[in-house]
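Just run-v5.txt here, compact mmCIF, C-alpha atoms:
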```
# COMPACT_ATOMS: atom_id res chain seq x y z
CA MET J 10 -74.28 -18.87 -39.56
CA ILE J 11 -71.18 -17.07 -40.86
CA TYR J 12 -73.29 -15.80 -43.81
CA VAL J 13 -75.50 -13.85 -41.35
CA LEU J 14 -72.52 -11.75 -40.23
CA PRO J 15 -71.94 -9.86 -43.51
CA PHE J 16 -75.73 -9.38 -43.82
CA PHE J 17 -75.61 -7.76 -40.36
CA ILE J 18 -72.70 -5.57 -41.60
CA GLY J 19 -75.05 -4.32 -44.34
CA VAL J 20 -77.67 -3.40 -41.70
CA LEU J 21 -75.01 -1.51 -39.69
CA ILE J 22 -73.80 0.33 -42.83
CA VAL J 23 -77.33 1.60 -43.62
CA PHE J 24 -77.93 2.62 -39.98
CA SER J 25 -74.60 4.50 -39.92
CA ALA J 26 -75.17 6.15 -43.31
CA ILE J 27 -78.60 7.51 -42.28
CA THR J 28 -77.50 8.63 -38.79
CA ASN J 29 -74.26 10.16 -40.13
CA GLY J 30 -76.24 12.08 -42.74
CA GLN J 31 -78.46 13.52 -39.99
CA LEU J 32 -75.42 14.22 -37.77
CA ALA J 33 -73.62 16.01 -40.65
CA GLN J 34 -76.61 18.36 -40.97
CA GLU J 35 -76.19 19.31 -37.30
CA VAL J 36 -72.41 19.63 -36.99
CA GLY J 37 -71.01 19.51 -40.57
CA ILE J 38 -69.39 16.58 -42.42
CA PRO J 39 -65.79 16.82 -41.01
CA LYS J 40 -66.93 17.18 -37.39
CA GLY J 41 -69.42 14.32 -37.89
CA ILE J 42 -66.63 12.06 -39.19
CA GLN J 43 -64.36 13.11 -36.32
CA MET J 44 -67.10 12.26 -33.77
CA ASN J 45 -67.56 8.89 -35.45
CA PHE J 46 -63.92 7.93 -35.21
CA PHE J 47 -63.63 9.34 -31.67
CA PHE J 48 -66.52 7.25 -30.34
CA GLY J 49 -65.30 4.31 -32.44
CA SER J 50 -61.85 4.59 -30.81
CA LEU J 51 -63.44 4.89 -27.37
CA SER J 52 -65.67 1.82 -27.73
CA ALA J 53 -62.85 -0.24 -29.33
CA PHE J 54 -60.60 0.82 -26.41
CA VAL J 55 -63.17 -0.40 -23.88
CA LEU J 56 -63.53 -3.73 -25.76
CA THR J 57 -59.74 -4.14 -25.96
CA LEU J 58 -59.44 -3.51 -22.21
CA ALA J 59 -62.22 -5.98 -21.49
CA PHE J 60 -61.25 -8.84 -23.77
CA GLU J 61 -57.78 -8.50 -25.28
CA VAL J 62 -55.39 -6.95 -22.78
CA GLN J 63 -53.49 -10.21 -22.22
CA SER J 64 -53.01 -11.05 -25.91
CA VAL J 65 -52.11 -7.43 -26.81
CA ARG J 66 -49.14 -7.62 -24.44
CA ALA J 67 -47.79 -10.48 -26.53
CA VAL J 68 -48.00 -8.48 -29.80
CA SER J 69 -44.79 -6.92 -31.03
CA PHE J 70 -45.99 -3.60 -32.44
CA THR J 71 -42.50 -2.60 -33.61
CA THR J 72 -42.37 -5.51 -36.06
CA LEU J 73 -45.88 -4.84 -37.40
CA PRO J 74 -45.64 -4.09 -41.15
CA ILE J 75 -46.55 -0.45 -41.73
CA ILE J 76 -48.84 -1.47 -44.60
CA PHE J 77 -51.19 -3.13 -42.05
CA LEU J 78 -51.97 0.37 -40.77
CA CYS J 79 -53.08 1.67 -44.18
CA GLY J 80 -56.79 0.85 -43.66
CA SER J 81 -57.41 4.26 -42.08
CA PHE J 82 -55.87 6.06 -45.09
CA PHE J 83 -58.20 4.15 -47.41
CA ALA J 84 -61.11 5.11 -45.11
CA MET J 85 -60.15 8.76 -45.71
CA GLY J 86 -60.10 8.00 -49.45
CA VAL J 87 -63.63 6.55 -49.28
CA LEU J 88 -64.88 9.65 -47.43
CA PHE J 89 -63.15 12.02 -49.88
CA PHE J 90 -64.42 10.28 -53.02
CA MET J 91 -67.97 9.76 -51.70
CA ASN J 92 -68.32 13.36 -50.51
CA THR J 93 -67.02 14.55 -53.89
CA ILE J 94 -69.30 12.42 -56.07
CA VAL J 95 -72.57 12.48 -54.08
CA PRO J 96 -73.63 15.99 -55.19
CA LYS J 97 -72.30 15.47 -58.75
CA ILE J 98 -73.61 12.15 -60.12
CA SER J 99 -76.94 10.31 -59.99
CA ALA J 100 -77.85 7.85 -57.21
CA PHE J 101 -77.74 5.08 -59.83
CA TYR J 102 -73.98 5.55 -60.37
CA ILE J 103 -73.35 6.24 -56.66
CA VAL J 104 -74.49 2.68 -55.95
CA LEU J 105 -73.20 1.04 -59.12
CA LEU J 106 -69.64 2.40 -59.48
CA PRO J 107 -68.41 1.77 -55.91
CA PHE J 108 -69.82 -1.77 -56.14
CA VAL J 109 -67.91 -2.39 -59.39
CA GLY J 110 -64.73 -1.00 -57.78
CA GLN J 111 -65.21 -3.22 -54.71
CA MET J 112 -65.82 -6.33 -56.81
CA LEU J 113 -62.79 -5.71 -59.06
CA VAL J 114 -60.41 -5.38 -56.12
CA SER J 115 -62.01 -8.06 -53.93
CA GLY J 116 -61.95 -10.49 -56.88
CA CYS J 117 -58.22 -9.83 -57.36
CA ILE J 118 -57.50 -10.17 -53.60
CA ASP J 119 -59.54 -13.40 -53.32
CA TYR J 120 -57.76 -14.79 -56.42
CA PHE J 121 -54.14 -13.74 -55.80
CA TYR J 122 -53.97 -13.53 -52.00
CA LEU J 123 -56.65 -15.80 -50.51
CA ASN J 124 -56.82 -18.25 -53.48
CA ILE J 125 -60.59 -18.66 -53.13
CA LEU J 126 -62.05 -16.90 -56.19
CA SER J 127 -64.49 -19.33 -57.81
CA ARG J 128 -66.57 -19.24 -60.99
CA GLY J 129 -69.66 -18.94 -58.74
CA LYS J 130 -68.35 -15.71 -57.20
CA ILE J 131 -67.81 -14.15 -60.63
CA ILE J 132 -71.29 -15.24 -61.82
CA GLY J 133 -72.76 -14.04 -58.51
CA ALA J 134 -71.07 -10.63 -58.79
CA ILE J 135 -72.42 -10.20 -62.34
CA LEU J 136 -75.96 -11.16 -61.19
CA ILE J 137 -75.74 -8.70 -58.27
CA LEU J 138 -74.65 -6.01 -60.73
CA ILE J 139 -77.64 -6.79 -62.98
CA GLY J 140 -79.94 -6.74 -59.90
CA ILE J 141 -78.64 -3.31 -58.82
CA MET J 142 -79.15 -1.93 -62.34
CA CYS J 143 -82.63 -3.48 -62.53
CA ASN J 144 -83.62 -1.99 -59.16
CA ALA J 145 -82.31 1.46 -60.07
CA ILE J 146 -84.05 1.49 -63.48
CA LEU J 147 -87.39 0.32 -62.00
CA GLU J 148 -87.11 2.84 -59.16
CA ARG J 149 -86.41 5.65 -61.63
CA ALA J 150 -89.38 4.56 -63.76
CA SER J 151 -91.72 4.50 -60.73
CA VAL J 152 -90.52 7.97 -59.62
CA THR J 153 -91.05 9.53 -63.07
CA SER J 154 -94.49 7.91 -63.47
CA MET E 24 -63.81 12.30 -63.71
CA TYR E 25 -66.59 11.88 -61.10
CA TYR E 26 -67.37 8.41 -62.46
CA LEU E 27 -63.73 7.45 -61.89
CA PHE E 28 -64.01 8.80 -58.33
CA GLY E 29 -67.07 6.57 -57.82
CA LEU E 30 -65.05 3.55 -58.95
CA LEU E 31 -62.09 4.59 -56.77
CA SER E 32 -64.30 4.87 -53.67
CA GLY E 33 -65.19 1.18 -54.14
CA VAL E 34 -61.51 0.33 -54.67
CA CYS E 35 -60.71 2.10 -51.38
CA VAL E 36 -63.48 0.21 -49.51
CA ALA E 37 -62.08 -3.15 -50.66
CA PHE E 38 -58.48 -2.21 -49.72
CA MET E 39 -59.66 -0.78 -46.38
CA LEU E 40 -61.48 -4.03 -45.48
CA SER E 41 -58.52 -6.09 -46.62
CA PHE E 42 -55.90 -4.13 -44.63
CA ASN E 43 -58.15 -4.08 -41.55
CA ASN E 44 -58.42 -7.85 -41.84
CA LEU E 45 -54.60 -8.18 -41.97
CA LEU E 46 -54.26 -5.88 -38.97
CA SER E 47 -56.90 -7.76 -36.96
CA GLU E 48 -55.26 -11.11 -37.73
CA ALA E 49 -51.94 -9.71 -36.48
CA VAL E 50 -53.06 -7.94 -33.29
CA GLY E 51 -56.60 -9.20 -32.53
CA ILE E 52 -60.00 -7.91 -33.67
CA TYR E 53 -60.62 -5.41 -30.85
CA THR E 54 -57.10 -3.97 -30.92
CA GLY E 55 -57.15 -3.89 -34.74
CA SER E 56 -60.40 -1.94 -34.61
CA LEU E 57 -58.93 0.42 -31.99
CA ILE E 58 -55.81 1.13 -34.12
CA PHE E 59 -57.92 1.68 -37.28
CA HIS E 60 -60.31 4.12 -35.57
CA PHE E 61 -57.58 5.96 -33.69
CA ILE E 62 -55.41 6.57 -36.80
CA ALA E 63 -58.52 7.67 -38.72
CA PHE E 64 -59.44 10.01 -35.83
CA VAL E 65 -55.93 11.55 -35.92
CA LEU E 66 -56.08 11.96 -39.73
CA ILE E 67 -59.48 13.70 -39.71
CA SER E 68 -58.39 15.88 -36.77
CA ILE E 69 -55.30 16.98 -38.77
CA TYR E 70 -57.58 17.75 -41.75
CA ILE E 71 -59.89 19.85 -39.54
CA ALA E 72 -56.91 21.68 -37.99
CA ILE E 73 -55.42 22.52 -41.42
CA ARG E 74 -58.55 23.30 -43.45
CA GLN E 75 -60.66 24.68 -40.58
CA PRO E 76 -64.01 23.85 -42.20
CA SER E 77 -67.18 25.44 -40.83
CA ILE E 78 -68.34 23.30 -37.94
CA GLY E 79 -71.74 23.30 -36.25
CA THR E 80 -71.72 24.07 -32.56
CA ARG E 81 -74.79 22.17 -31.40
CA ASN E 82 -73.99 20.35 -28.17
CA ASP E 83 -77.34 18.78 -27.21
CA LEU E 84 -77.21 15.99 -29.78
CA PRO E 85 -79.60 13.02 -29.43
CA PHE E 86 -77.95 9.90 -28.01
CA HIS E 87 -78.31 7.84 -31.20
CA TYR E 88 -76.00 10.29 -33.08
CA TYR E 89 -73.12 8.81 -31.07
CA LEU E 90 -73.89 5.25 -32.12
CA PRO E 91 -72.39 5.16 -35.66
CA GLY E 92 -68.94 5.13 -34.01
CA VAL E 93 -69.93 1.97 -32.13
CA ALA E 94 -71.52 0.57 -35.32
CA SER E 95 -68.24 1.23 -37.13
CA VAL E 96 -66.33 -0.83 -34.55
CA LEU E 97 -68.81 -3.70 -34.95
CA THR E 98 -68.49 -3.40 -38.76
CA VAL E 99 -64.68 -3.60 -38.70
CA MET E 100 -64.74 -6.57 -36.30
CA SER E 101 -67.47 -8.45 -38.19
CA SER E 102 -65.72 -7.81 -41.53
CA SER E 103 -62.46 -9.23 -40.21
CA ILE E 104 -64.17 -12.41 -38.96
CA SER E 105 -66.19 -12.77 -42.15
CA ILE E 106 -63.30 -12.13 -44.61
CA SER E 107 -61.13 -14.71 -42.85
CA ALA E 108 -63.94 -17.28 -43.11
CA ILE E 109 -65.55 -16.69 -46.53
CA GLY E 110 -63.34 -14.20 -48.40
CA LEU E 111 -63.77 -10.58 -49.48
CA THR E 112 -66.04 -11.01 -52.52
CA LEU E 113 -68.77 -12.94 -50.68
CA THR E 114 -68.52 -10.63 -47.64
CA ILE E 115 -69.13 -7.60 -49.88
CA GLY E 116 -71.90 -9.38 -51.84
CA LEU E 117 -73.80 -10.42 -48.71
CA SER E 118 -73.33 -7.06 -47.03
CA LEU E 119 -74.74 -5.33 -50.12
CA PHE E 120 -77.79 -7.61 -49.94
CA GLY E 121 -78.14 -6.71 -46.23
CA GLN E 122 -77.94 -3.01 -47.12
CA LEU E 123 -80.67 -3.33 -49.75
CA VAL E 124 -83.04 -5.35 -47.53
CA PHE E 125 -82.60 -3.08 -44.48
CA SER E 126 -82.81 0.16 -46.50
CA ASN E 127 -86.12 -1.04 -47.98
CA ILE E 128 -87.42 -1.85 -44.46
CA VAL E 129 -86.33 1.62 -43.26
CA ASP E 130 -88.03 3.28 -46.25
CA HIS E 131 -91.23 1.22 -45.96
CA PHE E 132 -91.79 1.85 -42.23
CA GLY E 133 -90.19 5.32 -42.11
CA LEU E 134 -87.66 4.24 -39.45
CA LEU E 135 -84.76 6.36 -38.09
CA GLY E 136 -86.59 9.59 -38.84
CA MET E 137 -86.78 8.88 -42.58
CA GLU E 138 -89.76 9.74 -44.75
CA LYS E 139 -92.11 6.76 -45.38
CA ARG E 140 -91.70 5.34 -48.89
CA PRO E 141 -93.90 2.22 -49.26
CA PHE E 142 -92.19 -0.83 -50.78
CA HIS E 143 -92.89 -1.06 -54.52
CA PRO E 144 -93.48 -4.67 -55.67
CA ASN E 145 -91.30 -3.93 -58.75
CA LYS E 146 -88.27 -4.00 -56.48
CA ILE E 147 -88.77 -7.73 -55.87
CA VAL E 148 -87.36 -8.36 -59.38
CA GLY E 149 -84.03 -6.66 -58.64
CA LEU E 150 -83.81 -8.08 -55.10
CA SER E 151 -84.49 -11.61 -56.40
CA ILE E 152 -81.69 -11.29 -59.00
CA ILE E 153 -79.31 -10.00 -56.30
CA PHE E 154 -80.32 -12.86 -53.96
CA THR E 155 -79.71 -15.35 -56.80
CA GLY E 156 -76.27 -13.76 -57.24
CA VAL E 157 -75.53 -14.23 -53.53
CA LEU E 158 -76.66 -17.89 -53.73
CA ALA E 159 -74.42 -18.39 -56.80
CA MET E 160 -71.49 -16.97 -54.83
CA ILE E 161 -72.13 -19.41 -51.98
CA TYR E 162 -73.05 -22.61 -53.81
CA LEU E 163 -71.46 -22.54 -57.32
```

Output the file's structure as structure tokens, nothing else.
Amino acid sequence: MIYVLPFFIGVLIVFSAITNGQLAQEVGIPKGIQMNFFFGSLSAFVLTLAFEVQSVRAVSFTTLPIIFLCGSFFAMGVLFFMNTIVPKISAFYIVLLPFVGQMLVSGCIDYFYLNILSRGKIIGAILILIGIMCNAILERASVTS
Amino acid sequence: MYYLFGLLSGVCVAFMLSFNNLLSEAVGIYTGSLIFHFIAFVLISIYIAIRQPSIGTRNDLPFHYYLPGVASVLTVMSSSISISAIGLTLTIGLSLFGQLVFSNIVDHFGLLGMEKRPFHPNKIVGLSIIFTGVLAMIYL
């Protein structure tokens, strides 16, 4: 069942990417991103109020390592790099290169931090990479023909 | 240079997921998601205030344009649960497979206002290899 969850994340990512693209055409990229994070904050606030108020009171925010808050800065990095490369390189590399970057870092984190990097994950990542390349090449061939 | 940026965007995604997971484990998944989105909202607001990019003024936006924010919250929460249970590599691998399957469904049926692009049987080759990769990640 837990394997369905990341699959569902993929569905959400595609939905967001398409809708954000349409939204950016209406209000511009920065305003679209701002709206996203505003409504994200609002819905997360409602969920926190509904389900986590009691446990939040027990959290000591002053002792929270500052590095735990860095996710948002990396989100800005993703937006900056993606908006820079999308008009400049082909769709093939737009899919391929971020995937390679994700696999390199996630492999290191799984190995050094979570201690769960297996031979299967490395083989799987290589097969996924081959599949992406295969798909892109076949798609390009069908478009040109 | 742009190829390096492509690689770096993937590096940032992996670090973002990883730090969000740490934050959620420390403060809870809903609060973690709230902190992540609020800091990101402040950062993009500062950027807009400094750079003052041209911004569209349309106010009568369709309802579904507001949903990616909600989807983002669900993504952060689901990622945190998934990374804790099966690790980062498999989470990213499975989510990529989900992206490919759903994007092909969207293209084939012309969903979400997209142009209809019928599914080409050739794509089964690539999707099968990717699915084999996901199975290898789970079972090997």

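Distance annotation: of E:Gly121, E:Pro85, E:Pro144, E:Gly133, the residue with the minimal separation from chain J is E:Gly121; atom set is only C-alpha atoms.
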
Point (-85.1, -1.1, -60.3) neighbourhood (12 Å, all atoms listed in the file) written as a PyMOL selection string: (chain J and resi 100-101+138-152) or (chain E and resi 123+142-153)

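Comparing J:Leu136, J:Ser115, J:Leu123, J:Ile75 by their smallest distance to E:Thr112, the closest is J:Ser115 (using only C-alpha atoms).
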
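Counting from atom CA of J:Val109, the distance to atom CA of E:Leu40 is 15.4 Å.
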
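Every protein or nucleic acid residue with an atom no more than 8 Å from E:Gly156, counting only C-alpha atoms and leaving out same-chain residues fewer than 6 positions away, appears here: Ile132, Gly133, Ala134, Ile135, Leu136 and Ile137 of chain J.
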
Around the point (-85.2, 2.7, -43.8) (coordinates from the file), which residues reach within 9 Å if we count all atoms listed in the file? Answer as a compact mmCIF listing (two decimals) with C-alpha atoms, in the frame of the given file.
```
# COMPACT_ATOMS: atom_id res chain seq x y z
CA VAL J 23 -77.33 1.60 -43.62
CA PHE J 24 -77.93 2.62 -39.98
CA ILE J 27 -78.60 7.51 -42.28
CA PHE E 125 -82.60 -3.08 -44.48
CA SER E 126 -82.81 0.16 -46.50
CA ASN E 127 -86.12 -1.04 -47.98
CA ILE E 128 -87.42 -1.85 -44.46
CA VAL E 129 -86.33 1.62 -43.26
CA ASP E 130 -88.03 3.28 -46.25
CA HIS E 131 -91.23 1.22 -45.96
CA PHE E 132 -91.79 1.85 -42.23
CA GLY E 133 -90.19 5.32 -42.11
CA LEU E 134 -87.66 4.24 -39.45
CA LEU E 135 -84.76 6.36 -38.09
CA GLY E 136 -86.59 9.59 -38.84
CA MET E 137 -86.78 8.88 -42.58
CA GLU E 138 -89.76 9.74 -44.75
CA LYS E 139 -92.11 6.76 -45.38
CA ARG E 140 -91.70 5.34 -48.89
```

Proximity to J:Gly19 - best of E:Leu119, E:Val65, E:Ile52, E:Ile109, all atoms listed in the file: E:Leu119

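Remark: for J:Phe54, the closest of the candidate residues E:Gln75, E:Ser118, E:Ser56, E:Ser95 is E:Ser56 (distances computed over all atoms listed in the file).
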
Residue among E:Ala159, E:Phe28, E:Pro91, E:Ser103 lying closest to J:Phe48, counting only C-alpha atoms: E:Pro91

Could you please fill out stretch 43-59 of chain E with N, CA and C atoms and send it back as a PDB file, keeping the file's coordinate frame?
```pdb
ATOM      1  N   ASN E  43     -57.625  -3.918 -42.911  1.00  0.00           N
ATOM      2  CA  ASN E  43     -58.150  -4.080 -41.550  1.00  0.00           C
ATOM      3  C   ASN E  43     -58.146  -5.542 -41.137  1.00  0.00           C
ATOM      4  N   ASN E  44     -58.437  -6.409 -42.121  1.00  0.00           N
ATOM      5  CA  ASN E  44     -58.420  -7.850 -41.840  1.00  0.00           C
ATOM      6  C   ASN E  44     -56.999  -8.308 -41.488  1.00  0.00           C
ATOM      7  N   LEU E  45     -56.002  -7.825 -42.255  1.00  0.00           N
ATOM      8  CA  LEU E  45     -54.600  -8.180 -41.970  1.00  0.00           C
ATOM      9  C   LEU E  45     -54.199  -7.699 -40.575  1.00  0.00           C
ATOM     10  N   LEU E  46     -54.602  -6.459 -40.271  1.00  0.00           N
ATOM     11  CA  LEU E  46     -54.260  -5.880 -38.970  1.00  0.00           C
ATOM     12  C   LEU E  46     -54.904  -6.677 -37.831  1.00  0.00           C
ATOM     13  N   SER E  47     -56.186  -7.014 -38.008  1.00  0.00           N
ATOM     14  CA  SER E  47     -56.900  -7.760 -36.960  1.00  0.00           C
ATOM     15  C   SER E  47     -56.301  -9.148 -36.757  1.00  0.00           C
ATOM     16  N   GLU E  48     -55.874  -9.783 -37.863  1.00  0.00           N
ATOM     17  CA  GLU E  48     -55.260 -11.110 -37.730  1.00  0.00           C
ATOM     18  C   GLU E  48     -53.938 -11.021 -36.969  1.00  0.00           C
ATOM     19  N   ALA E  49     -53.256  -9.868 -37.121  1.00  0.00           N
ATOM     20  CA  ALA E  49     -51.940  -9.710 -36.480  1.00  0.00           C
ATOM     21  C   ALA E  49     -52.058  -9.323 -34.999  1.00  0.00           C
ATOM     22  N   VAL E  50     -53.027  -8.463 -34.672  1.00  0.00           N
ATOM     23  CA  VAL E  50     -53.060  -7.940 -33.290  1.00  0.00           C
ATOM     24  C   VAL E  50     -54.342  -8.289 -32.514  1.00  0.00           C
ATOM     25  N   GLY E  51     -55.314  -8.887 -33.187  1.00  0.00           N
ATOM     26  CA  GLY E  51     -56.600  -9.200 -32.530  1.00  0.00           C
ATOM     27  C   GLY E  51     -57.681  -8.251 -33.047  1.00  0.00           C
ATOM     28  N   ILE E  52     -58.948  -8.706 -33.027  1.00  0.00           N
ATOM     29  CA  ILE E  52     -60.000  -7.910 -33.670  1.00  0.00           C
ATOM     30  C   ILE E  52     -60.327  -6.611 -32.927  1.00  0.00           C
ATOM     31  N   TYR E  53     -60.282  -6.627 -31.595  1.00  0.00           N
ATOM     32  CA  TYR E  53     -60.620  -5.410 -30.850  1.00  0.00           C
ATOM     33  C   TYR E  53     -59.487  -4.383 -30.972  1.00  0.00           C
ATOM     34  N   THR E  54     -58.245  -4.870 -30.819  1.00  0.00           N
ATOM     35  CA  THR E  54     -57.100  -3.970 -30.920  1.00  0.00           C
ATOM     36  C   THR E  54     -56.964  -3.439 -32.355  1.00  0.00           C
ATOM     37  N   GLY E  55     -57.207  -4.312 -33.331  1.00  0.00           N
ATOM     38  CA  GLY E  55     -57.150  -3.890 -34.740  1.00  0.00           C
ATOM     39  C   GLY E  55     -58.151  -2.771 -34.996  1.00  0.00           C
ATOM     40  N   SER E  56     -59.362  -2.949 -34.456  1.00  0.00           N
ATOM     41  CA  SER E  56     -60.400  -1.940 -34.610  1.00  0.00           C
ATOM     42  C   SER E  56     -60.002  -0.638 -33.924  1.00  0.00           C
ATOM     43  N   LEU E  57     -59.377  -0.765 -32.740  1.00  0.00           N
ATOM     44  CA  LEU E  57     -58.930   0.420 -31.990  1.00  0.00           C
ATOM     45  C   LEU E  57     -57.871   1.193 -32.807  1.00  0.00           C
ATOM     46  N   ILE E  58     -56.881   0.468 -33.355  1.00  0.00           N
ATOM     47  CA  ILE E  58     -55.810   1.130 -34.120  1.00  0.00           C
ATOM     48  C   ILE E  58     -56.400   1.821 -35.354  1.00  0.00           C
ATOM     49  N   PHE E  59     -57.292   1.107 -36.072  1.00  0.00           N
ATOM     50  CA  PHE E  59     -57.920   1.680 -37.280  1.00  0.00           C
ATOM     51  C   PHE E  59     -58.660   2.980 -36.946  1.00  0.00           C
TER      52      PHE E  59
END
```
